[in-house]
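Student: Before we start, here is the structure in question, set down as C-alpha cells.
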Amino acid sequence: MKHRIIFATGNEGKMKEIRMILADLGMEILSMKEAKVQLEIEENGSTFGENAEIKAQAVWNITKDIVLADDSGLAVDYLNGEPGVYSARYMEGASYEVKNRTIIERLKDAKEEERTARFVCAIAAVLPDGSVLHTEECVEGLIAHEPAGTNGFGYDPIFYLPEYGKTSAQIPLEKKNEISHRGKALEAMKLKLKEVLQGENQ
Ligand code: IMP
C-alpha cells in the first residue's frame, strides 16, 4: 500500500534534514503545513520520547497517515541536564544568540571536564494501524567557550564536537546528518519503517 509520511514539525531547518535522510524510502514526505494540518500541540511530557509520541499522535488523530514526530534538545551536565525537554522554551522570547551566550555565562566557573553536554533526539512514529514505534539517540560534545559557525540552528554554535575540532554550526549539513542525534534517531526509525513496510508487501 502506498503511504505518505507526515512529519509533525513546523521547523523548516528540521524538514531539510529529514527530507535528506528519508529520501531513499521513496515516499512523499510532508510537513504539517504541507499536509494542511493546523494544530497547537502542548508538549507536556516529561521525557523526549513522551513528547515525540504526543506530537505524532495528535497529527495521526487527524490524518491517519504514517506520522513521525521528534522531540530533541540539549542536555548540559553542569546545569543538571538543562535546558533538556525545555530546550525550545528555554528563555522564551530571547534570540538564540542571547540563549547561547547565557549558557556559556552559566558555565563560567565550570572546569574543562565539566563542560560535557549532549544533543538528544527521540522519534516516535504512529502507523496507519495506530501502532507506535520509538527510537532515541544522542551525540556527545562540550559547551564551547565562544559561539562559532552559521550552519544549523538553535544551540549548534555552542555545541563543540571534539573529534572534529568544530562546533556543529561549523560542519556541513550532510556531515551533521551523519553524526547528529536527529540523523541517528531518524536512520534507526527508517530501518524500523522499512521492516514494517516490507512486511506489508509480503
Ligand atoms: P523540539 O522542536 O521540541 O524538538 O525542540 C528542540 C529544541 O532543541 C530546538 O528548538 C533547539 O533549541 C534545540 N535543538 C534540538 N536539536 C538541535 C540541533 O540539532 N541543533 C541545535 N539546537 C537543537
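Each chain in the C-alpha cells gets a letter, A, B, ..., in the order shown, and its residues are numbered from 1; ligands are numbered from 1 in order too.
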Taking only chain A into account, list the residues labelled strand (DSSP E) by DSSP (computed from the backbone), as a PyMOL selection string.

Tutor: chain A and resi 4-7+28-31+66-76+82-83+116-126+132-143+159-161+166-167

Student: Take the residues from that selection and write them out as a compact mmCIF listing (two decimals), in the first residue's frame, keeping N, CA and C atoms.

Tutor:
# COMPACT_ATOMS: atom_id res chain seq x y z
N ARG A 4 1.99 7.92 2.71
CA ARG A 4 2.81 9.12 2.75
C ARG A 4 3.22 9.35 4.21
N ILE A 5 4.29 10.08 4.36
CA ILE A 5 4.78 10.36 5.71
C ILE A 5 4.54 11.82 6.02
N ILE A 6 3.96 12.07 7.16
CA ILE A 6 3.84 13.45 7.61
C ILE A 6 4.77 13.61 8.81
N PHE A 7 5.59 14.64 8.76
CA PHE A 7 6.47 14.89 9.90
C PHE A 7 5.89 16.05 10.69
N GLU A 28 6.45 10.08 -0.26
CA GLU A 28 6.18 11.51 -0.15
C GLU A 28 6.34 11.92 1.32
N ILE A 29 7.11 12.97 1.56
CA ILE A 29 7.31 13.42 2.93
C ILE A 29 6.80 14.85 3.07
N LEU A 30 5.83 15.03 3.90
CA LEU A 30 5.19 16.34 4.03
C LEU A 30 5.39 16.92 5.42
N SER A 31 5.50 18.23 5.47
CA SER A 31 5.48 18.89 6.78
C SER A 31 4.00 19.03 7.17
N ILE A 66 1.21 7.71 8.01
CA ILE A 66 2.36 7.43 8.85
C ILE A 66 2.79 8.79 9.38
N VAL A 67 2.71 8.99 10.67
CA VAL A 67 3.07 10.30 11.23
C VAL A 67 4.28 10.15 12.13
N LEU A 68 5.29 10.94 11.82
CA LEU A 68 6.50 10.95 12.63
C LEU A 68 6.61 12.28 13.36
N ALA A 69 7.18 12.23 14.54
CA ALA A 69 7.47 13.48 15.24
C ALA A 69 8.75 13.27 16.03
N ASP A 70 9.47 14.34 16.23
CA ASP A 70 10.66 14.21 17.06
C ASP A 70 10.56 15.16 18.23
N ASP A 71 11.32 14.85 19.24
CA ASP A 71 11.50 15.83 20.30
C ASP A 71 12.97 15.78 20.63
N SER A 72 13.57 16.92 20.70
CA SER A 72 15.00 16.93 20.87
C SER A 72 15.40 18.08 21.76
N GLY A 73 16.64 18.06 22.16
CA GLY A 73 17.10 19.16 22.99
C GLY A 73 18.53 18.96 23.41
N LEU A 74 19.01 19.97 24.10
CA LEU A 74 20.38 19.98 24.58
C LEU A 74 20.37 19.73 26.08
N ALA A 75 21.13 18.76 26.53
CA ALA A 75 21.24 18.49 27.97
C ALA A 75 22.67 18.83 28.41
N VAL A 76 22.80 19.82 29.28
CA VAL A 76 24.12 20.25 29.74
C VAL A 76 24.35 19.70 31.15
N GLU A 82 19.77 20.74 32.10
CA GLU A 82 19.06 21.85 31.44
C GLU A 82 19.70 22.17 30.10
N PRO A 83 19.03 22.75 29.15
CA PRO A 83 17.59 23.01 29.13
C PRO A 83 16.74 21.77 28.85
N THR A 116 30.72 18.96 29.60
CA THR A 116 30.09 17.93 28.77
C THR A 116 28.59 18.19 28.59
N ALA A 117 28.12 17.85 27.40
CA ALA A 117 26.70 18.05 27.07
C ALA A 117 26.34 17.08 25.96
N ARG A 118 25.06 16.90 25.73
CA ARG A 118 24.66 16.07 24.60
C ARG A 118 23.37 16.60 23.98
N PHE A 119 23.28 16.43 22.67
CA PHE A 119 22.02 16.64 21.98
C PHE A 119 21.31 15.30 21.98
N VAL A 120 20.05 15.29 22.39
CA VAL A 120 19.27 14.06 22.44
C VAL A 120 18.10 14.21 21.47
N CYS A 121 17.78 13.12 20.78
CA CYS A 121 16.59 13.17 19.91
C CYS A 121 15.81 11.87 20.03
N ALA A 122 14.54 12.02 20.32
CA ALA A 122 13.62 10.87 20.32
C ALA A 122 12.68 11.04 19.14
N ILE A 123 12.42 9.94 18.45
CA ILE A 123 11.44 9.98 17.36
C ILE A 123 10.36 8.96 17.64
N ALA A 124 9.13 9.37 17.41
CA ALA A 124 8.01 8.45 17.53
C ALA A 124 7.31 8.40 16.18
N ALA A 125 6.84 7.22 15.81
CA ALA A 125 6.06 7.09 14.58
C ALA A 125 4.75 6.42 14.94
N VAL A 126 3.65 6.99 14.49
CA VAL A 126 2.36 6.32 14.63
C VAL A 126 1.99 5.83 13.23
N VAL A 132 2.70 2.15 17.51
CA VAL A 132 3.67 3.22 17.74
C VAL A 132 5.09 2.64 17.78
N LEU A 133 6.02 3.31 17.10
CA LEU A 133 7.44 2.93 17.14
C LEU A 133 8.23 4.06 17.79
N HIS A 134 9.32 3.71 18.49
CA HIS A 134 10.16 4.73 19.13
C HIS A 134 11.63 4.51 18.83
N THR A 135 12.39 5.58 18.65
CA THR A 135 13.85 5.48 18.66
C THR A 135 14.40 6.68 19.44
N GLU A 136 15.58 6.52 19.99
CA GLU A 136 16.22 7.65 20.70
C GLU A 136 17.74 7.54 20.56
N GLU A 137 18.37 8.62 20.20
CA GLU A 137 19.83 8.63 20.03
C GLU A 137 20.39 9.95 20.54
N CYS A 138 21.70 9.95 20.80
CA CYS A 138 22.30 11.23 21.20
C CYS A 138 23.68 11.41 20.60
N VAL A 139 24.17 12.62 20.67
CA VAL A 139 25.54 12.91 20.24
C VAL A 139 26.20 13.70 21.37
N GLU A 140 27.44 13.26 21.70
CA GLU A 140 28.13 13.86 22.86
C GLU A 140 29.05 14.99 22.42
N GLY A 141 29.12 16.03 23.22
CA GLY A 141 30.00 17.15 22.90
C GLY A 141 30.32 17.97 24.14
N LEU A 142 30.84 19.16 23.91
CA LEU A 142 31.20 20.07 25.00
C LEU A 142 30.61 21.44 24.72
N ILE A 143 30.32 22.18 25.76
CA ILE A 143 29.86 23.56 25.54
C ILE A 143 31.09 24.42 25.24
N PHE A 159 27.78 24.10 20.52
CA PHE A 159 27.96 22.67 20.75
C PHE A 159 29.22 22.22 20.03
N TYR A 160 30.28 22.02 20.81
CA TYR A 160 31.59 21.71 20.26
C TYR A 160 31.81 20.20 20.19
N LEU A 161 32.20 19.76 18.99
CA LEU A 161 32.44 18.33 18.78
C LEU A 161 33.95 18.10 18.78
N LYS A 166 35.36 21.34 15.84
CA LYS A 166 34.44 22.37 15.34
C LYS A 166 33.13 22.31 16.12
N THR A 167 32.36 23.39 16.05
CA THR A 167 31.00 23.32 16.61
C THR A 167 30.09 22.70 15.55

Student: Give me the residues of chain A that have any atom at most 9 Å from an atom of ligand 1; for each, the nearest atom pair and the distance in Å, rounded to one decimal. Use only C-alpha atoms and all ligand atoms, sort by chain and number, and format it as CSV.

Tutor:
residue,atom,partner,partner_atom_place_in_ligand_line,distance
A:Thr9,CA,ligand 1,2 (O),7.2
A:Gly10,CA,ligand 1,2 (O),8.4
A:Asn11,CA,ligand 1,2 (O),7.2
A:Lys14,CA,ligand 1,19 (O),8.1
A:Glu43,CA,ligand 1,3 (O),7.7
A:Phe48,CA,ligand 1,4 (O),7.9
A:Asn51,CA,ligand 1,3 (O),7.9
A:Ala52,CA,ligand 1,4 (O),7.9
A:Ala69,CA,ligand 1,4 (O),8.6
A:Asp70,CA,ligand 1,4 (O),5.7
A:Asp71,CA,ligand 1,4 (O),3.5
A:Ser72,CA,ligand 1,4 (O),3.7
A:Gly73,CA,ligand 1,8 (O),3.5
A:Leu74,CA,ligand 1,8 (O),5.9
A:Pro83,CA,ligand 1,8 (O),8.4
A:Gly84,CA,ligand 1,8 (O),7.8
A:Val85,CA,ligand 1,3 (O),7.3
A:Tyr86,CA,ligand 1,5 (O),7.5
A:Ser87,CA,ligand 1,8 (O),4.5
A:Ala88,CA,ligand 1,10 (O),3.8
A:Arg89,CA,ligand 1,10 (O),7.6
A:Tyr90,CA,ligand 1,12 (O),8.0
A:Tyr96,CA,ligand 1,12 (O),7.8
A:Phe119,CA,ligand 1,16 (N),6.3
A:Val120,CA,ligand 1,16 (N),7.3
A:Cys121,CA,ligand 1,16 (N),7.1
A:Ala122,CA,ligand 1,4 (O),8.4
A:Gly152,CA,ligand 1,20 (N),6.1
A:Phe153,CA,ligand 1,21 (C),4.9
A:Gly154,CA,ligand 1,22 (N),3.8
A:Tyr155,CA,ligand 1,21 (C),3.9
A:Asp156,CA,ligand 1,21 (C),4.2
A:Pro157,CA,ligand 1,21 (C),7.7
A:Ile158,CA,ligand 1,21 (C),8.7
A:Phe159,CA,ligand 1,21 (C),7.9
A:Ser168,CA,ligand 1,20 (N),7.3
A:Ala169,CA,ligand 1,20 (N),7.9
A:Lys176,CA,ligand 1,19 (O),8.2
A:Asn177,CA,ligand 1,19 (O),9.0
A:Ser180,CA,ligand 1,19 (O),6.8
A:His181,CA,ligand 1,19 (O),7.2
A:Arg182,CA,ligand 1,19 (O),6.8
A:Gly183,CA,ligand 1,19 (O),9.0

Student: A:Leu79, A:Leu197, A:Val59, A:Ile179: which is nearest Gly26 (chain A), counting only C-alpha atoms?

Tutor: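 Looking only at the distances to Gly26 (chain A), the closest residue turns out to be A:Leu197.
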
Student: Enter the distance from CA of Gly93 (chain A) to CA of Gly49 (chain A), in Å, rounded to one decimal.

Tutor: 25.1 Å

Student: Per DSSP on the backbone, filter region 52-118 of chain A down to the residues in alpha helix (DSSP H) and report them as a list in words.

Tutor: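 Residues of region 52-118 of chain A classed as alpha helix (DSSP H): Ala52, Glu53, Ile54, Lys55, Ala56, Gln57, Ala58, Val59, Trp60, Asn61, Ile62, Thr63, Tyr96, Glu97, Val98, Lys99, Asn100, Arg101, Thr102, Ile103, Ile104, Glu105 and Arg106 of chain A.
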
Student: Give me, please, the distance in Å between CA of Ile171 (chain A) and CA of Thr150 (chain A), quoted to one decimal.

Tutor: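 Calculated distance between CA of Ile171 (chain A) and CA of Thr150 (chain A) is 9.2 Å.
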
Student: I'd like the interatomic distance between CA of Leu186 (chain A) and CA of Lys36 (chain A), to a tenth of an Å.

Tutor: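 For CA of Leu186 (chain A) relative to CA of Lys36 (chain A), the distance reads 23.1 Å.
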